[in-house]
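A.B. asks: Following this line is input.cif, made up of mmCIF, C-alpha atoms and all ligand atoms:
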```cif
data_data
loop_
_atom_site.label_atom_id
_atom_site.label_comp_id
_atom_site.auth_asym_id
_atom_site.auth_seq_id
_atom_site.Cartn_x
_atom_site.Cartn_y
_atom_site.Cartn_z
CA MET M 297 30.62 172.67 82.26
CA GLN M 298 29.19 176.13 81.49
CA THR M 299 31.11 178.13 78.84
CA ILE M 300 31.23 181.83 79.44
CA GLN M 301 31.28 184.13 76.42
CA ARG M 302 32.99 187.33 77.50
CA ILE M 303 34.36 188.37 80.89
CA LEU M 304 35.28 191.85 81.98
CA SER M 305 36.50 192.92 85.38
CA GLY M 306 38.85 195.42 86.99
CA VAL M 307 40.66 196.67 90.08
CA ARG M 308 41.31 200.26 91.14
CA PRO M 309 45.06 200.92 91.03
CA THR M 310 46.55 201.52 94.44
CA GLY M 311 49.83 200.27 95.83
CA ASP M 312 47.95 198.23 98.41
CA ILE M 313 46.37 195.51 96.33
CA HIS M 314 45.29 193.02 99.00
CA LEU M 315 44.08 189.55 99.88
CA GLY M 316 40.41 190.57 99.44
CA ASN M 317 41.11 191.59 95.83
CA TYR M 318 42.91 188.29 95.29
CA LEU M 319 40.48 185.85 96.92
CA GLY M 320 37.30 187.74 96.00
CA ALA M 321 38.24 188.52 92.40
CA ILE M 322 41.60 187.83 90.73
CA ARG M 323 41.93 184.20 91.86
CA ASN M 324 38.53 183.51 90.30
CA TRP M 325 39.52 185.25 87.07
CA VAL M 326 42.51 182.91 86.83
CA LYS M 327 40.22 179.89 87.13
CA LEU M 328 37.69 181.34 84.68
CA GLN M 329 40.38 181.57 81.99
CA GLU M 330 39.75 177.89 81.25
CA ILE M 331 36.00 178.16 80.75
CA SER M 332 35.58 181.51 79.03
CA ARG M 333 35.98 182.48 75.37
CA GLU M 334 37.19 186.08 75.81
CA ARG M 335 38.58 187.97 78.78
CA LEU M 336 39.29 191.62 79.45
CA PHE M 337 40.90 192.73 82.70
CA CYS M 338 41.32 196.44 83.15
CA ILE M 339 43.06 198.57 85.70
CA VAL M 340 40.53 201.28 86.35
CA ASP M 341 42.81 204.30 86.67
CA MET M 342 40.01 206.78 85.89
CA HIS M 343 38.06 205.38 88.83
CA ALA M 344 41.08 205.89 91.07
CA LEU M 345 40.72 209.64 90.51
CA THR M 346 37.50 209.59 92.52
CA THR M 347 39.30 209.00 95.81
CA SER M 348 42.17 211.33 96.59
CA ASP M 349 44.07 208.60 98.48
CA ASP M 350 44.27 206.54 95.30
CA ALA M 351 44.90 209.36 92.83
CA HIS M 352 48.59 209.87 93.62
CA ASN M 353 51.33 207.80 92.04
CA LEU M 354 48.80 206.59 89.48
CA ALA M 355 51.18 205.39 86.75
CA ASN M 356 53.20 203.21 89.10
CA ASN M 357 50.13 201.89 90.87
CA THR M 358 48.66 200.97 87.49
CA ARG M 359 51.80 198.97 86.76
CA THR M 360 51.63 197.35 90.21
CA VAL M 361 48.10 196.08 89.57
CA ALA M 362 49.07 194.88 86.07
CA ALA M 363 52.00 193.02 87.65
CA ALA M 364 49.63 191.52 90.24
CA TYR M 365 47.25 190.24 87.54
CA ILE M 366 50.10 188.49 85.74
CA ALA M 367 51.81 187.24 88.91
CA CYS M 368 48.50 185.74 90.12
CA GLY M 369 48.18 183.80 86.85
CA ILE M 370 46.38 185.91 84.24
CA ASN M 371 47.98 185.13 80.89
CA PRO M 372 48.49 188.38 78.93
CA ASP M 373 48.75 186.42 75.68
CA THR M 374 45.20 185.14 75.94
CA SER M 375 43.50 187.88 78.01
CA ALA M 376 43.58 191.64 77.44
CA ILE M 377 45.25 193.45 80.36
CA PHE M 378 44.97 197.21 79.95
CA ALA M 379 44.49 200.56 81.64
CA GLN M 380 40.96 201.94 81.40
CA SER M 381 42.26 205.39 80.41
CA GLN M 382 43.85 203.89 77.27
CA VAL M 383 40.42 203.08 75.84
CA PRO M 384 38.66 206.46 75.54
CA ALA M 385 35.39 204.80 74.47
CA HIS M 386 34.71 203.97 78.17
CA LEU M 387 34.48 207.66 78.98
CA GLU M 388 32.33 208.61 76.01
CA LEU M 389 29.90 205.80 76.74
CA ALA M 390 29.81 206.82 80.42
CA TRP M 391 28.52 210.25 79.38
CA ILE M 392 25.89 208.74 77.06
CA LEU M 393 24.72 206.38 79.81
CA SER M 394 24.63 209.16 82.38
CA CYS M 395 21.96 210.83 80.23
CA ILE M 396 19.56 207.90 80.73
CA THR M 397 20.42 206.98 84.35
CA PRO M 398 17.93 208.32 86.89
CA LEU M 399 19.43 210.01 89.96
CA GLY M 400 17.23 207.79 92.11
CA TRP M 401 19.22 204.75 90.99
CA LEU M 402 22.53 206.36 91.93
CA ASN M 403 21.11 207.51 95.28
CA ARG M 404 20.68 203.88 96.25
CA MET M 405 24.39 202.99 95.81
CA THR M 406 25.78 201.97 99.20
CA GLN M 407 29.42 202.44 98.20
CA PHE M 408 28.79 206.13 97.49
CA LYS M 409 27.09 206.52 100.87
CA ASP M 410 30.06 204.85 102.63
CA LYS M 411 32.74 206.79 100.78
CA ALA M 412 31.04 210.19 100.77
CA GLY M 413 30.79 210.07 104.57
CA SER M 414 28.50 212.33 106.53
CA ASP M 415 29.10 215.57 104.58
CA ARG M 416 27.60 214.71 101.17
CA GLU M 417 27.74 218.32 99.98
CA LYS M 418 31.50 218.05 99.83
CA ALA M 419 31.60 214.76 97.91
CA PHE M 420 32.79 215.00 94.31
CA LEU M 421 30.61 214.40 91.27
CA GLY M 422 33.03 211.73 90.03
CA LEU M 423 32.46 209.65 93.16
CA TYR M 424 28.69 209.92 92.65
CA SER M 425 28.78 208.98 88.97
CA TYR M 426 31.43 206.26 89.55
CA PRO M 427 28.88 203.43 88.95
CA VAL M 428 27.96 204.88 85.53
CA LEU M 429 31.59 204.72 84.41
CA MET M 430 31.71 201.18 85.76
CA ALA M 431 28.60 200.35 83.71
CA ALA M 432 30.35 201.79 80.64
CA ASP M 433 33.44 199.63 81.35
CA ILE M 434 31.23 196.57 81.16
CA LEU M 435 28.76 197.55 78.43
CA ILE M 436 31.26 198.91 75.91
CA TYR M 437 32.42 195.29 75.46
CA ASN M 438 29.01 193.68 75.93
CA ALA M 439 30.60 191.52 78.63
CA THR M 440 28.29 188.66 79.57
CA HIS M 441 29.83 187.97 82.99
CA VAL M 442 31.48 190.24 85.52
CA PRO M 443 33.43 188.30 88.16
CA VAL M 444 33.66 190.47 91.28
CA GLY M 445 33.55 190.25 95.06
CA ASP M 446 30.25 190.61 96.84
CA ASP M 447 30.73 194.37 97.46
CA GLN M 448 30.47 195.13 93.72
CA LYS M 449 27.24 193.20 93.15
CA GLN M 450 25.08 196.31 93.44
CA HIS M 451 27.19 198.15 90.85
CA VAL M 452 26.99 195.28 88.34
CA GLU M 453 23.23 195.06 88.86
CA LEU M 454 23.02 198.79 88.16
CA ALA M 455 24.99 198.24 84.92
CA ARG M 456 22.39 195.65 83.98
CA ASP M 457 19.55 198.07 84.72
CA ILE M 458 21.25 200.83 82.71
CA ALA M 459 21.71 198.44 79.77
CA GLY M 460 18.00 197.60 79.90
CA ALA M 461 17.05 201.29 80.15
CA PHE M 462 19.16 202.14 77.08
CA ASN M 463 17.71 199.26 75.07
CA ARG M 464 14.14 200.33 75.95
CA HIS M 465 14.79 204.02 75.40
CA TYR M 466 16.25 203.53 71.93
CA GLN M 467 14.20 200.41 71.11
CA THR M 468 17.33 198.43 70.38
CA GLU M 469 19.03 195.28 71.60
CA THR M 470 22.52 196.72 71.45
CA PHE M 471 23.45 195.94 75.05
CA ILE M 472 23.63 192.44 76.48
CA LEU M 473 22.50 192.43 80.12
CA PRO M 474 25.66 191.51 82.11
CA GLU M 475 25.57 189.14 85.05
CA PRO M 476 27.51 189.57 88.28
CA HIS M 477 29.57 186.40 88.71
CA ILE M 478 30.25 186.00 92.41
CA ILE M 479 31.90 182.68 93.11
CA GLY M 480 34.09 180.84 95.62
CA THR M 481 34.09 180.80 99.41
CA ALA M 482 35.72 184.20 100.02
CA THR M 483 33.31 186.61 98.36
CA ARG M 484 33.75 189.11 101.20
CA VAL M 485 37.07 188.96 103.06
CA MET M 486 36.85 190.94 106.29
CA SER M 487 39.32 193.19 108.11
CA LEU M 488 41.79 191.38 110.38
CA ARG M 489 41.14 194.00 113.08
CA ASP M 490 37.36 194.17 112.92
CA GLY M 491 35.44 191.24 111.47
CA SER M 492 32.38 193.38 110.80
CA LYS M 493 34.25 195.55 108.28
CA LYS M 494 35.39 194.58 104.78
CA MET M 495 39.14 194.22 104.18
CA SER M 496 39.89 197.39 102.24
CA LYS M 497 42.69 199.55 100.83
CA SER M 498 41.15 202.57 102.47
CA ASP M 499 41.42 201.23 106.05
CA LEU M 500 43.97 203.39 107.87
CA SER M 501 45.46 200.40 109.68
CA ASP M 502 47.82 198.31 107.56
CA TYR M 503 47.26 195.54 110.15
CA SER M 504 43.68 195.24 108.91
CA ARG M 505 44.78 193.66 105.62
CA ILE M 506 47.33 191.37 104.00
CA ASN M 507 48.82 193.11 100.97
CA LEU M 508 50.02 191.03 98.03
CA MET M 509 53.41 192.72 98.41
CA ASP M 510 53.76 191.87 102.14
CA ASP M 511 56.83 189.79 102.95
CA PRO M 512 56.54 186.58 105.04
CA ASP M 513 57.49 188.36 108.30
CA ALA M 514 54.76 190.94 107.82
CA ILE M 515 52.20 188.22 107.02
CA VAL M 516 53.10 186.20 110.12
CA LEU M 517 52.94 189.30 112.33
CA LYS M 518 49.61 190.49 110.92
CA ILE M 519 48.01 187.07 111.41
CA LYS M 520 49.45 186.82 114.92
CA LYS M 521 47.97 190.22 115.79
CA SER M 522 44.63 189.55 114.08
CA LYS M 523 41.58 189.74 116.30
CA THR M 524 40.01 186.47 117.49
CA ASP M 525 38.22 185.16 120.56
CA SER M 526 39.18 182.66 123.22
CA ASP M 527 36.53 179.99 122.52
CA PRO M 528 37.56 176.73 120.83
CA ILE M 529 36.79 176.09 117.17
CA PRO M 530 33.58 174.06 116.65
CA GLU M 531 33.11 171.08 114.31
CA LYS M 532 30.78 172.97 111.95
CA PHE M 533 31.16 176.44 110.39
CA GLU M 534 27.58 177.47 111.18
CA ASP M 535 28.25 176.87 114.89
CA LEU M 536 30.63 179.86 114.82
CA GLY M 537 27.42 181.93 114.91
CA SER M 538 28.24 185.62 115.35
CA ARG M 539 32.00 185.12 115.90
CA VAL M 540 32.82 187.26 112.85
CA GLU M 541 36.61 187.35 113.22
CA ALA M 542 36.74 183.58 113.70
CA LYS M 543 34.56 183.06 110.62
CA ASN M 544 36.83 185.30 108.58
CA LEU M 545 40.04 183.44 109.47
CA ILE M 546 38.44 180.05 108.82
CA THR M 547 37.07 181.28 105.49
CA ILE M 548 40.46 182.60 104.37
CA TYR M 549 42.15 179.35 105.40
CA ALA M 550 39.50 177.22 103.66
CA THR M 551 39.79 179.24 100.43
CA LEU M 552 43.58 179.14 100.36
CA THR M 553 43.63 175.39 100.93
CA ASP M 554 40.77 174.71 98.48
CA GLN M 555 38.37 173.17 100.97
CA SER M 556 34.94 174.01 102.35
CA CYS M 557 34.56 176.10 105.51
CA ASP M 558 33.04 173.05 107.23
CA ALA M 559 36.10 170.95 106.34
CA ALA M 560 38.41 173.67 107.69
CA CYS M 561 36.39 173.85 110.94
CA ALA M 562 36.54 170.08 111.29
CA GLN M 563 40.34 170.18 110.82
CA PHE M 564 40.74 172.53 113.81
CA SER M 565 37.74 171.36 115.83
CA GLY M 566 38.27 171.70 119.60
CA GLN M 567 41.52 173.61 119.16
CA THR M 568 42.22 177.26 119.88
CA PHE M 569 43.00 179.97 117.40
CA SER M 570 46.73 179.89 117.93
CA THR M 571 46.93 176.56 116.03
CA LEU M 572 44.80 177.90 113.21
CA LYS M 573 46.80 181.14 113.07
CA ASN M 574 50.09 179.24 112.62
CA GLN M 575 48.70 177.16 109.78
CA LEU M 576 46.94 180.12 108.22
CA ALA M 577 50.17 182.15 108.21
CA ASP M 578 51.97 179.20 106.56
CA ALA M 579 49.24 178.86 103.91
CA LEU M 580 49.37 182.59 103.18
CA VAL M 581 53.14 182.62 102.88
CA ASN M 582 53.01 179.57 100.57
CA VAL M 583 50.43 181.11 98.27
CA LEU M 584 51.57 184.74 98.33
CA SER M 585 55.38 184.43 98.25
CA PRO M 586 55.60 183.34 94.60
CA ILE M 587 53.12 186.10 93.68
CA ARG M 588 55.14 188.76 95.52
CA GLU M 589 58.40 187.57 93.97
CA LYS M 590 56.92 187.60 90.47
CA MET M 591 55.45 191.06 91.06
CA HIS M 592 58.89 192.37 92.07
CA PHE M 593 60.41 190.80 89.00
CA LEU M 594 57.80 192.30 86.68
CA LEU M 595 58.01 195.72 88.31
CA ASN M 596 61.71 195.78 87.52
CA GLU M 597 60.81 195.29 83.87
CA LYS M 598 58.72 198.43 83.43
CA SER M 599 59.07 198.60 79.67
CA GLU M 600 57.86 194.98 79.35
CA LEU M 601 54.85 195.78 81.51
CA ASP M 602 54.08 198.89 79.47
CA LYS M 603 54.27 196.79 76.31
CA ILE M 604 51.75 194.31 77.76
CA LEU M 605 49.42 197.18 78.66
CA LYS M 606 49.76 198.62 75.14
CA VAL M 607 48.93 195.31 73.46
CA GLY M 608 46.00 194.85 75.88
CA ALA M 609 44.69 198.33 75.06
CA GLU M 610 44.90 197.56 71.34
CA LYS M 611 42.81 194.41 71.80
CA ALA M 612 40.30 196.33 73.92
CA ASN M 613 40.09 199.24 71.47
CA ASP M 614 39.47 196.78 68.62
CA LEU M 615 36.29 195.71 70.40
CA ALA M 616 35.26 199.05 71.91
CA VAL M 617 35.63 201.37 68.91
CA PRO M 618 33.20 199.60 66.52
CA HIS M 619 30.68 199.16 69.35
CA LEU M 620 30.85 202.86 70.19
CA LYS M 621 30.33 203.67 66.51
CA GLU M 622 27.16 201.55 66.51
CA ILE M 623 25.95 203.26 69.71
CA ARG M 624 26.56 206.72 68.24
CA LYS M 625 24.49 205.77 65.21
CA ILE M 626 21.63 204.53 67.39
CA ILE M 627 21.45 207.78 69.33
CA GLY M 628 21.74 209.90 66.18
CA ILE M 629 25.16 211.49 66.60
CA LEU M 630 26.59 212.69 63.27
P1 LIG M 701 38.07 197.39 93.88
O1 LIG M 701 39.30 197.93 93.30
O2 LIG M 701 37.55 197.96 95.17
O3 LIG M 701 38.19 195.83 94.10
C1 LIG M 701 38.60 195.00 93.03
C2 LIG M 701 37.92 193.63 93.16
O4 LIG M 701 38.22 193.07 94.43
C3 LIG M 701 37.01 192.73 95.11
N1 LIG M 701 37.20 192.98 96.54
C4 LIG M 701 36.93 192.08 97.49
N2 LIG M 701 36.47 190.82 97.43
C5 LIG M 701 36.32 190.15 98.61
N3 LIG M 701 36.62 190.72 99.82
C6 LIG M 701 37.07 191.98 99.92
N4 LIG M 701 37.38 192.49 101.10
C7 LIG M 701 37.26 192.72 98.72
N5 LIG M 701 37.70 193.98 98.45
C8 LIG M 701 37.65 194.12 97.11
C9 LIG M 701 35.96 193.66 94.52
O5 LIG M 701 34.66 193.14 94.70
C10 LIG M 701 36.39 193.74 93.08
O6 LIG M 701 35.89 192.63 92.36
N6 LIG M 701 34.34 199.30 91.21
C11 LIG M 701 35.35 198.28 91.21
C12 LIG M 701 36.32 198.37 90.05
C13 LIG M 701 35.67 198.40 88.71
C14 LIG M 701 35.09 197.29 88.05
C15 LIG M 701 34.66 197.79 86.79
C16 LIG M 701 34.91 195.96 88.40
C17 LIG M 701 35.55 199.47 87.89
N7 LIG M 701 34.95 199.12 86.73
C18 LIG M 701 34.02 196.96 85.88
C19 LIG M 701 34.27 195.15 87.47
C20 LIG M 701 33.83 195.64 86.23
C21 LIG M 701 36.17 198.43 92.49
O7 LIG M 701 36.21 199.46 93.10
O8 LIG M 701 36.91 197.40 92.80
#
```
Let me see the structure of the file written as structure tokens.

C.D. replies:
Amino acid sequence: MQTIQRILSGVRPTGDIHLGNYLGAIRNWVKLQEISRERLFCIVDMHALTTSDDAHNLANNTRTVAAAYIACGINPDTSAIFAQSQVPAHLELAWILSCITPLGWLNRMTQFKDKAGSDREKAFLGLYSYPVLMAADILIYNATHVPVGDDQKQHVELARDIAGAFNRHYQTETFILPEPHIIGTATRVMSLRDGSKKMSKSDLSDYSRINLMDDPDAIVLKIKKSKTDSDPIPEKFEDLGSRVEAKNLITIYATLTDQSCDAACAQFSGQTFSTLKNQLADALVNVLSPIREKMHFLLNEKSELDKILKVGAEKANDLAVPHLKEIRKIIGIL
């Protein structure tokens, strides 16, 4: 089995950490704990400032995401869990990298285009330079692998390009080129209301997503109300063709029950979606209830959580500070 040297990943802190974050990212991090040497999981609070919806209640949302990491199975004794803002080297490196990142590269970023909306003139600089800070998050630790959902692939590839540009510019090998690590069956979980849109914290409808803090009644109701079609489920996943909502529910069910999408289709073959919905709601409640309960427990122990974040930040700073020192020397800063 492949051994991975150093993993880094992160989630933006909002109260609505959801099933897409879990299946597309955190669940994979938990599995990768066994086959990686070092792991850093940050809560990217500085990134949250780029979207006004996420910028309020930042301290508590940071704790909520830290609690989610631990409740999902990240071990804080063997992985560093920390807030991005507690390691200032991320921000200094982001500035250095922004001085060798061509605007043309940032102009290609689809997430900026989506989030900025139609009136680009009003978008904030922080939203535009978001991917450079993300590159700094990764490169300050020389992470070799970045486990993310499919939507972050472009950003990790940009980090790789920026690392290469820095190395060429300064004729050095200081940065390792990081690899996006996109694994599992649920790399892009879709909205429960519109299967052509990604499940997201920014969707106005809470019915579009399952939040990790949702109680069983809310989960059952959201799955019951989720959009489907009236055709029966085929034997093979590929025969679902363009039935995007159907594909999404099957994919979520398959991932939660650790089977392939074909096996999940075969299980419900010839049946309607009401049968699948019942079993999917059960599977979600089974998987998410212990996570929600543990999150509540941890959130009642704020000082314990803050202690975990402090220890995590110390581990992260121990790696980041010497690397930043080396980078400063390379670029000729006194
Ligand atoms: P964020 O907070 O939007 O999402 C956190 C992680 O969850 C994944 N994800 C999904 N996966 C599958 N289906 C979905 N619907 C879905 N929605 C979200 C994301 O791909 C991500 O892995 N820019 C990042 C945060 C970040 C980061 C980093 C990540 C900042 N610096 C450095 C890795 C390394 C973001 O906005 O994630």

A.B. asks: Give me the box for ligand LIG 701 (chain M) as lines of an AutoDock Vina configuration file, namely the centre and edge lengths in Å to one decimal of a box along x, y and z that holds every listed atom plus 8 Å on each side.

C.D. replies:
```
center_x = 36.6
center_y = 194.8
center_z = 93.5
size_x = 21.5
size_y = 25.3
size_z = 31.2
```

A.B. asks: Got a sec to check which residues lie within 7 Å of ligand LIG 701 (chain M), using all atoms listed in the file, and send them as a count of residues only?

C.D. replies: 34

A.B. asks: Anything within 12 Å of (25.6, 211.5, 78.5): list those residues as a list in words, counting all atoms listed in the file and sticking to the file's coordinates.

C.D. replies: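 Residues with an atom close enough to that point: His386, Leu387, Glu388, Leu389, Ala390, Trp391, Ile392, Leu393, Ser394, Cys395, Ile396, Thr397, Pro398, Ser425, Val428, Leu429, Ala432, Phe462, Arg624, Ile627 and Ile629 of chain M.
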
A.B. asks: Pick from M:His352, M:Lys543, M:His451, M:Lys411: nearest to Pro530 in chain M, with all atoms listed in the file counted?

C.D. replies: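 Of the candidates, the smallest distance to Pro530 in chain M is held by M:Lys543.
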
A.B. asks: Need the shell around Lys573 in chain M: protein/DNA/RNA residues with any atom at most 12 Å away, counting all atoms listed in the file. Skip same-chain ones fewer than 5 positions apart. Format as a PyMOL selection string?

C.D. replies: chain M and resi 488+515-524+529+541-542+544-546+548-549+564+567-568+578-580

A.B. asks: Just checking: using all atoms listed in the file, which residue out of M:Ser565, M:Ser556, M:Gln407, M:Gln575 ends up closest to Leu423 in chain M?

C.D. replies: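 Looking only at the distances to Leu423 in chain M, the closest residue turns out to be M:Gln407.
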
A.B. asks: Write out as a list in words the residues lying within 8 Å of Ile370 in chain M, counting only C-alpha atoms and excluding same-chain residues fewer than 6 positions away.

C.D. replies: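 Within the cut-off, the hits are Trp325, Val326 and Gln329 of chain M.
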
A.B. asks: Next, dump the selected residues to file, keeping only C-alpha atoms, as an mmCIF file, keeping the file's coordinate frame.

C.D. replies:
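Listed below is the output, part_22.cif:
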```cif
data_model
loop_
_atom_site.group_PDB
_atom_site.id
_atom_site.type_symbol
_atom_site.label_atom_id
_atom_site.label_comp_id
_atom_site.auth_asym_id
_atom_site.auth_seq_id
_atom_site.Cartn_x
_atom_site.Cartn_y
_atom_site.Cartn_z
ATOM 1 C CA TRP M 325 39.520 185.250 87.070
ATOM 2 C CA VAL M 326 42.510 182.910 86.830
ATOM 3 C CA GLN M 329 40.380 181.570 81.990
#
```

A.B. asks: So which one's closest to Asn582 in chain M, M:Leu315, M:Arg539, M:Ala612, M:Pro512? Using all atoms listed in the file, please.

C.D. replies: M:Pro512
